[in-house]
>>> print(open('my_file_10.cif').read())   # mmCIF, C-alpha atoms
data_work
loop_
_atom_site.group_PDB
_atom_site.id
_atom_site.type_symbol
_atom_site.label_atom_id
_atom_site.label_comp_id
_atom_site.auth_asym_id
_atom_site.auth_seq_id
_atom_site.Cartn_x
_atom_site.Cartn_y
_atom_site.Cartn_z
ATOM 1 C CA MET A 1 127.915 91.786 116.207
ATOM 2 C CA ASN A 2 126.729 92.330 112.661
ATOM 3 C CA PHE A 3 123.044 91.411 112.233
ATOM 4 C CA GLU A 4 122.617 92.201 108.542
ATOM 5 C CA GLU A 5 121.723 89.363 106.204
ATOM 6 C CA LYS A 6 123.369 89.856 102.816
ATOM 7 C CA THR A 7 121.203 89.006 99.814
ATOM 8 C CA ILE A 8 122.918 86.523 97.519
ATOM 9 C CA GLU A 9 120.049 86.132 95.068
ATOM 10 C CA ARG A 10 116.491 87.458 94.712
ATOM 11 C CA LYS A 11 113.803 85.684 92.697
ATOM 12 C CA ILE A 12 110.595 87.630 92.018
ATOM 13 C CA ILE A 13 107.682 85.173 92.338
ATOM 14 C CA PHE A 14 104.700 87.491 91.823
ATOM 15 C CA GLN A 15 104.098 91.106 90.822
ATOM 16 C CA GLY A 16 100.666 92.526 91.634
ATOM 17 C CA LYS A 17 98.853 95.828 91.924
ATOM 18 C CA ILE A 18 99.168 95.943 95.729
ATOM 19 C CA PHE A 19 102.299 93.940 96.479
ATOM 20 C CA ASP A 20 105.139 91.875 95.022
ATOM 21 C CA VAL A 21 106.476 88.576 96.359
ATOM 22 C CA ALA A 22 110.126 87.516 96.265
ATOM 23 C CA VAL A 23 112.301 84.746 97.620
ATOM 24 C CA ASP A 24 115.761 85.816 98.747
ATOM 25 C CA GLN A 25 118.733 83.570 99.345
ATOM 26 C CA VAL A 26 120.705 85.250 102.153
ATOM 27 C CA LYS A 27 124.069 84.842 103.813
ATOM 28 C CA LEU A 28 123.597 84.642 107.589
ATOM 29 C CA PRO A 29 125.563 87.144 109.694
ATOM 30 C CA ASN A 30 126.638 84.475 112.208
ATOM 31 C CA GLY A 31 128.714 82.702 109.549
ATOM 32 C CA LEU A 32 126.595 79.526 109.701
ATOM 33 C CA GLY A 33 125.718 79.469 106.030
ATOM 34 C CA THR A 34 122.694 80.635 104.095
ATOM 35 C CA SER A 35 118.938 80.678 104.447
ATOM 36 C CA GLN A 36 115.872 81.468 102.388
ATOM 37 C CA ARG A 37 113.503 84.391 103.079
ATOM 38 C CA GLU A 38 110.019 84.691 101.574
ATOM 39 C CA LEU A 39 109.223 88.398 101.350
ATOM 40 C CA VAL A 40 106.244 90.604 100.490
ATOM 41 C CA PHE A 41 106.956 94.139 99.237
ATOM 42 C CA HIS A 42 103.928 96.397 99.755
ATOM 43 C CA LYS A 43 103.362 99.831 98.247
ATOM 44 C CA GLY A 44 102.323 101.369 101.603
ATOM 45 C CA ALA A 45 99.096 102.554 103.183
ATOM 46 C CA VAL A 46 97.492 105.278 105.248
ATOM 47 C CA ALA A 47 95.081 105.014 108.170
ATOM 48 C CA ILE A 48 93.025 107.601 109.983
ATOM 49 C CA LEU A 49 91.922 107.863 113.610
ATOM 50 C CA ALA A 50 88.886 110.052 112.891
ATOM 51 C CA ILE A 51 87.212 111.752 115.851
ATOM 52 C CA THR A 52 83.820 113.425 115.391
ATOM 53 C CA PRO A 53 82.927 116.724 117.093
ATOM 54 C CA LYS A 54 81.061 114.627 119.697
ATOM 55 C CA ASP A 55 84.233 112.606 120.383
ATOM 56 C CA LYS A 56 83.029 109.479 118.616
ATOM 57 C CA ILE A 57 85.581 107.283 116.863
ATOM 58 C CA ILE A 58 84.731 106.414 113.287
ATOM 59 C CA LEU A 59 85.118 102.761 112.371
ATOM 60 C CA VAL A 60 84.207 100.934 109.204
ATOM 61 C CA LYS A 61 82.716 97.464 109.290
ATOM 62 C CA GLN A 62 83.579 95.271 106.324
ATOM 63 C CA TYR A 63 84.211 91.694 105.263
ATOM 64 C CA ARG A 64 87.878 90.763 104.874
ATOM 65 C CA LYS A 65 88.466 87.746 102.636
ATOM 66 C CA ALA A 66 91.955 87.038 104.043
ATOM 67 C CA ILE A 67 90.444 86.214 107.442
ATOM 68 C CA GLU A 68 87.033 85.083 106.102
ATOM 69 C CA ASN A 69 85.296 87.325 108.637
ATOM 70 C CA ILE A 70 83.845 90.730 109.406
ATOM 71 C CA SER A 71 86.391 93.313 110.530
ATOM 72 C CA TYR A 72 86.025 96.576 112.449
ATOM 73 C CA GLU A 73 88.700 99.063 111.414
ATOM 74 C CA ILE A 74 89.585 102.711 111.290
ATOM 75 C CA PRO A 75 89.343 104.174 107.760
ATOM 76 C CA ALA A 76 92.397 103.248 105.708
ATOM 77 C CA GLY A 77 93.645 102.517 102.241
ATOM 78 C CA LYS A 78 96.626 101.650 100.147
ATOM 79 C CA LEU A 79 98.754 104.273 98.481
ATOM 80 C CA GLU A 80 98.025 104.633 94.786
ATOM 81 C CA LEU A 81 100.717 104.897 92.127
ATOM 82 C CA GLY A 82 102.503 108.231 92.496
ATOM 83 C CA GLU A 83 101.353 108.948 96.067
ATOM 84 C CA ILE A 84 104.692 108.395 97.795
ATOM 85 C CA GLY A 85 105.313 111.726 99.519
ATOM 86 C CA LEU A 86 101.610 112.610 99.261
ATOM 87 C CA GLU A 87 100.405 110.418 102.103
ATOM 88 C CA LYS A 88 98.392 113.198 103.779
ATOM 89 C CA GLU A 89 96.413 113.782 100.580
ATOM 90 C CA ALA A 90 95.857 110.023 100.276
ATOM 91 C CA ALA A 91 94.562 109.918 103.859
ATOM 92 C CA LEU A 92 92.102 112.741 103.146
ATOM 93 C CA ARG A 93 90.921 110.879 100.034
ATOM 94 C CA GLU A 94 90.386 107.644 101.953
ATOM 95 C CA LEU A 95 88.606 109.443 104.800
ATOM 96 C CA GLU A 96 86.195 111.090 102.368
ATOM 97 C CA GLU A 97 85.621 107.952 100.261
ATOM 98 C CA GLU A 98 84.944 105.682 103.216
ATOM 99 C CA THR A 99 83.164 108.007 105.663
ATOM 100 C CA ALA A 100 81.962 111.123 103.739
ATOM 101 C CA TYR A 101 83.953 113.269 106.220
ATOM 102 C CA THR A 102 86.889 115.593 105.789
ATOM 103 C CA GLY A 103 88.914 117.322 108.465
ATOM 104 C CA HIS A 104 92.252 118.488 109.800
ATOM 105 C CA LEU A 105 94.958 115.811 109.722
ATOM 106 C CA THR A 106 97.835 115.471 112.158
ATOM 107 C CA PHE A 107 100.590 112.888 111.649
ATOM 108 C CA LEU A 108 100.733 110.390 114.546
ATOM 109 C CA TYR A 109 102.935 107.387 113.696
ATOM 110 C CA GLU A 110 104.315 105.261 110.948
ATOM 111 C CA PHE A 111 104.712 101.576 111.604
ATOM 112 C CA TYR A 112 105.337 98.266 109.872
ATOM 113 C CA THR A 113 102.522 95.739 109.964
ATOM 114 C CA SER A 114 104.372 92.425 109.871
ATOM 115 C CA ILE A 115 108.152 92.803 109.683
ATOM 116 C CA GLY A 116 108.872 89.087 109.720
ATOM 117 C CA PHE A 117 108.038 88.840 106.018
ATOM 118 C CA CYS A 118 106.504 92.128 104.790
ATOM 119 C CA ASP A 119 107.676 95.735 104.417
ATOM 120 C CA GLU A 120 104.168 97.275 104.475
ATOM 121 C CA LYS A 121 104.337 100.613 106.265
ATOM 122 C CA ILE A 122 101.179 102.355 107.441
ATOM 123 C CA ILE A 123 101.174 106.060 108.150
ATOM 124 C CA LEU A 124 98.615 106.877 110.846
ATOM 125 C CA TYR A 125 96.928 110.277 111.076
ATOM 126 C CA LEU A 126 94.531 111.851 113.535
ATOM 127 C CA ALA A 127 91.574 113.553 111.838
ATOM 128 C CA ASP A 128 89.650 116.070 113.896
ATOM 129 C CA ASN A 129 87.512 119.165 113.206
ATOM 130 C CA LEU A 130 85.513 116.825 110.978
ATOM 131 C CA THR A 131 82.780 118.064 108.685
ATOM 132 C CA LYS A 132 80.484 116.122 106.391
ATOM 133 C CA VAL A 133 81.232 116.376 102.666
ATOM 134 C CA ALA A 134 78.105 117.276 100.656
ATOM 135 C CA ASN A 135 79.059 115.213 97.590
ATOM 136 C CA PRO A 136 81.781 112.809 98.743
ATOM 137 C CA ARG A 137 84.007 110.854 96.430
ATOM 138 C CA PRO A 138 82.490 107.475 95.646
ATOM 139 C CA LYS A 139 83.731 104.367 97.406
ATOM 140 C CA ASP A 140 85.841 101.960 95.393
ATOM 141 C CA ASP A 141 83.655 99.576 93.385
ATOM 142 C CA ASP A 142 84.759 96.603 95.492
ATOM 143 C CA GLU A 143 84.176 98.296 98.877
ATOM 144 C CA VAL A 144 81.136 97.224 100.826
ATOM 145 C CA ILE A 145 81.349 98.980 104.191
ATOM 146 C CA GLU A 146 79.190 100.284 107.000
ATOM 147 C CA VAL A 147 80.329 103.447 108.792
ATOM 148 C CA LEU A 148 80.031 103.426 112.588
ATOM 149 C CA GLU A 149 80.500 106.264 115.060
ATOM 150 C CA LEU A 150 81.339 104.707 118.425
ATOM 151 C CA SER A 151 82.481 105.851 121.828
ATOM 152 C CA TYR A 152 85.867 104.675 123.038
ATOM 153 C CA GLU A 153 84.058 102.376 125.477
ATOM 154 C CA GLU A 154 82.028 100.834 122.628
ATOM 155 C CA CYS A 155 85.249 100.275 120.672
ATOM 156 C CA MET A 156 86.810 98.578 123.692
ATOM 157 C CA GLY A 157 83.714 96.376 123.941
ATOM 158 C CA LEU A 158 84.470 95.174 120.403
ATOM 159 C CA VAL A 159 88.066 94.493 121.466
ATOM 160 C CA LYS A 160 86.955 92.610 124.585
ATOM 161 C CA SER A 161 84.503 90.473 122.592
ATOM 162 C CA GLY A 162 87.203 89.599 120.042
ATOM 163 C CA GLN A 163 85.347 91.291 117.183
ATOM 164 C CA LEU A 164 87.964 94.033 116.744
ATOM 165 C CA GLN A 165 91.302 92.389 115.926
ATOM 166 C CA ASP A 166 92.818 94.764 113.374
ATOM 167 C CA ALA A 167 96.319 95.891 114.418
ATOM 168 C CA LYS A 168 96.204 99.417 112.975
ATOM 169 C CA THR A 169 92.918 100.015 114.773
ATOM 170 C CA LEU A 170 94.283 98.676 118.054
ATOM 171 C CA ILE A 171 97.261 101.044 117.707
ATOM 172 C CA ALA A 172 94.905 103.960 117.020
ATOM 173 C CA LEU A 173 92.742 103.074 120.035
ATOM 174 C CA GLN A 174 95.844 102.919 122.196
ATOM 175 C CA TYR A 175 96.800 106.409 121.012
ATOM 176 C CA TYR A 176 93.275 107.618 121.845
ATOM 177 C CA ALA A 177 93.465 106.121 125.351
ATOM 178 C CA LEU A 178 96.881 107.663 126.044
ATOM 179 C CA HIS A 179 96.345 111.109 124.542
ATOM 180 C CA LEU A 180 92.692 111.903 123.823
ATOM 181 C CA SER A 181 90.462 110.079 126.288
ATOM 182 C CA GLN A 182 90.052 113.155 128.504
ATOM 183 C CA ARG A 183 88.445 115.096 125.625
ATOM 184 C CA GLY A 184 85.193 113.144 125.929
ATOM 185 C CA GLU A 185 84.737 114.354 129.497
ATOM 186 C CA GLN A 186 84.289 117.901 128.190
ATOM 187 C CA HIS A 187 81.071 116.887 126.413
ATOM 188 C CA ASP A 188 79.391 115.204 129.379
#
>>> encode(input="my_file_10.cif", output="structure tokens")
Amino acid sequence: MNFEEKTIERKIIFQGKIFDVAVDQVKLPNGLGTSQRELVFHKGAVAILAITPKDKIILVKQYRKAIENISYEIPAGKLELGEIGLEKEAALRELEEETAYTGHLTFLYEFYTSIGFCDEKIILYLADNLTKVANPRPKDDDEVIEVLELSYEECMGLVKSGQLQDAKTLIALQYYALHLSQRGEQHD
């Protein structure tokens, strides 16, 4: 069976710095007519699972207007104009801006955040061999964040309490549990 929905017409509703919004009229693959799809086209983002030399996970605490609440997240940021293909450099920039660390990056995953209506793709990196940057890049003017260095168990406490609900961070913590959790035992 063919699953592809053919676009009959696209109407751009909004064009912004971070994303664009469109409404597509589509022909359904089952032959039962047409439907409307409201879509968000995002420029992409990077996220970093940063592990300190003492096997602490770096999170940033910040207010997120979309959910009207405090959020605990791994360092992350949107791709700037011209950074397609330079995602690793963008991840290093975000890591330094948000945490004052730099380190060795390893690609982990790329994933879509909400495929029902949005094409935002996040590229997730592991940052290890971290060192503090003497004069880090400044945070964006609109960023008000607190940097936390937490054990995996402390992170899971935030998950259990419902305070950590960010999907990219949950994915990163799952990676840590599956692949890196034994590292902490070496420091005990």
>>> closest_atom_pairs(input="my_file_10.cif", of="range 78-120 of chain A", to="range 54-73 of chain A", cutoff="12 Å", atoms="only C-alpha atoms", output="JSON lines")
{"residue": "A:Glu94", "atom": "CA", "partner": "A:Val60", "partner_atom": "CA", "distance": 11.7}
{"residue": "A:Leu95", "atom": "CA", "partner": "A:Ile58", "partner_atom": "CA", "distance": 9.8}
{"residue": "A:Glu96", "atom": "CA", "partner": "A:Ile58", "partner_atom": "CA", "distance": 12.0}
{"residue": "A:Glu97", "atom": "CA", "partner": "A:Val60", "partner_atom": "CA", "distance": 11.5}
{"residue": "A:Glu98", "atom": "CA", "partner": "A:Val60", "partner_atom": "CA", "distance": 7.7}
{"residue": "A:Thr99", "atom": "CA", "partner": "A:Ile58", "partner_atom": "CA", "distance": 7.9}
{"residue": "A:Ala100", "atom": "CA", "partner": "A:Ile58", "partner_atom": "CA", "distance": 11.0}
{"residue": "A:Tyr101", "atom": "CA", "partner": "A:Ile58", "partner_atom": "CA", "distance": 9.9}
>>> atom_distance(input="my_file_10.cif", atom1="CA of Asn30 in chain A", atom2="CA of His42 in chain A")
28.5 Å
>>> atom_distance(input="my_file_10.cif", atom1="CA of Gly85 in chain A", atom2="CA of Lys43 in chain A")
12.1 Å
>>> resolve_selection(input="my_file_10.cif", expression="the PyMOL selection byres ((chain A and resi 90) around 12)", output="number ranges by chain")
A: 44-48, 75-89, 91-97, 102, 105, 122-125
>>> atom_distance(input="my_file_10.cif", atom1="CA of Ile171 in chain A", atom2="CA of Glu154 in chain A")
16.0 Å
>>> resolve_selection(input="my_file_10.cif", expression="the PyMOL selection byres ((chain A and resi 174-176) around 10)", output="list of chain:residue names")
A:Leu49, A:Ile51, A:Ile57, A:Leu108, A:Tyr109, A:Leu126, A:Tyr152, A:Lys168, A:Thr169, A:Leu170, A:Ile171, A:Ala172, A:Leu173, A:Ala177, A:Leu178, A:His179, A:Leu180, A:Ser181, A:Gln182, A:Arg183
>>> closest_residue(input="my_file_10.cif", among="A:Leu32, A:Val26, A:Ile115, A:Val21", to="Glu9 in chain A", atoms="all atoms listed in the file")
A:Val26
>>> closest_residue(input="my_file_10.cif", among="A:Ile74, A:Ala134, A:Ile8, A:Ala127", to="Glu149 in chain A", atoms="all atoms listed in the file")
A:Ile74
>>> closest_residue(input="my_file_10.cif", among="A:Val40, A:Ile12, A:Gly31, A:Ala22", to="Phe117 in chain A", atoms="all atoms listed in the file")
A:Val40
>>> residues_around(input="my_file_10.cif", residues="Cys118 in chain A", least_positions_apart="3", cutoff="9 Å", atoms="only C-alpha atoms", output="list of chain:residue names")
A:Glu38, A:Leu39, A:Val40, A:Phe41, A:His42, A:Tyr112, A:Thr113, A:Ser114, A:Ile115, A:Lys121
>>> write_last_selection(input="my_file_10.cif", atoms="C-alpha atoms", output="mmCIF file, in the frame of the given file")
data_model
loop_
_atom_site.group_PDB
_atom_site.id
_atom_site.type_symbol
_atom_site.label_atom_id
_atom_site.label_comp_id
_atom_site.auth_asym_id
_atom_site.auth_seq_id
_atom_site.Cartn_x
_atom_site.Cartn_y
_atom_site.Cartn_z
ATOM 1 C CA GLU A 38 110.019 84.691 101.574
ATOM 2 C CA LEU A 39 109.223 88.398 101.350
ATOM 3 C CA VAL A 40 106.244 90.604 100.490
ATOM 4 C CA PHE A 41 106.956 94.139 99.237
ATOM 5 C CA HIS A 42 103.928 96.397 99.755
ATOM 6 C CA TYR A 112 105.337 98.266 109.872
ATOM 7 C CA THR A 113 102.522 95.739 109.964
ATOM 8 C CA SER A 114 104.372 92.425 109.871
ATOM 9 C CA ILE A 115 108.152 92.803 109.683
ATOM 10 C CA LYS A 121 104.337 100.613 106.265
#
>>> closest_residue(input="my_file_10.cif", among="A:Glu110, A:Ser35, A:Arg10, A:Leu158", to="Val23 in chain A", atoms="only C-alpha atoms")
A:Arg10
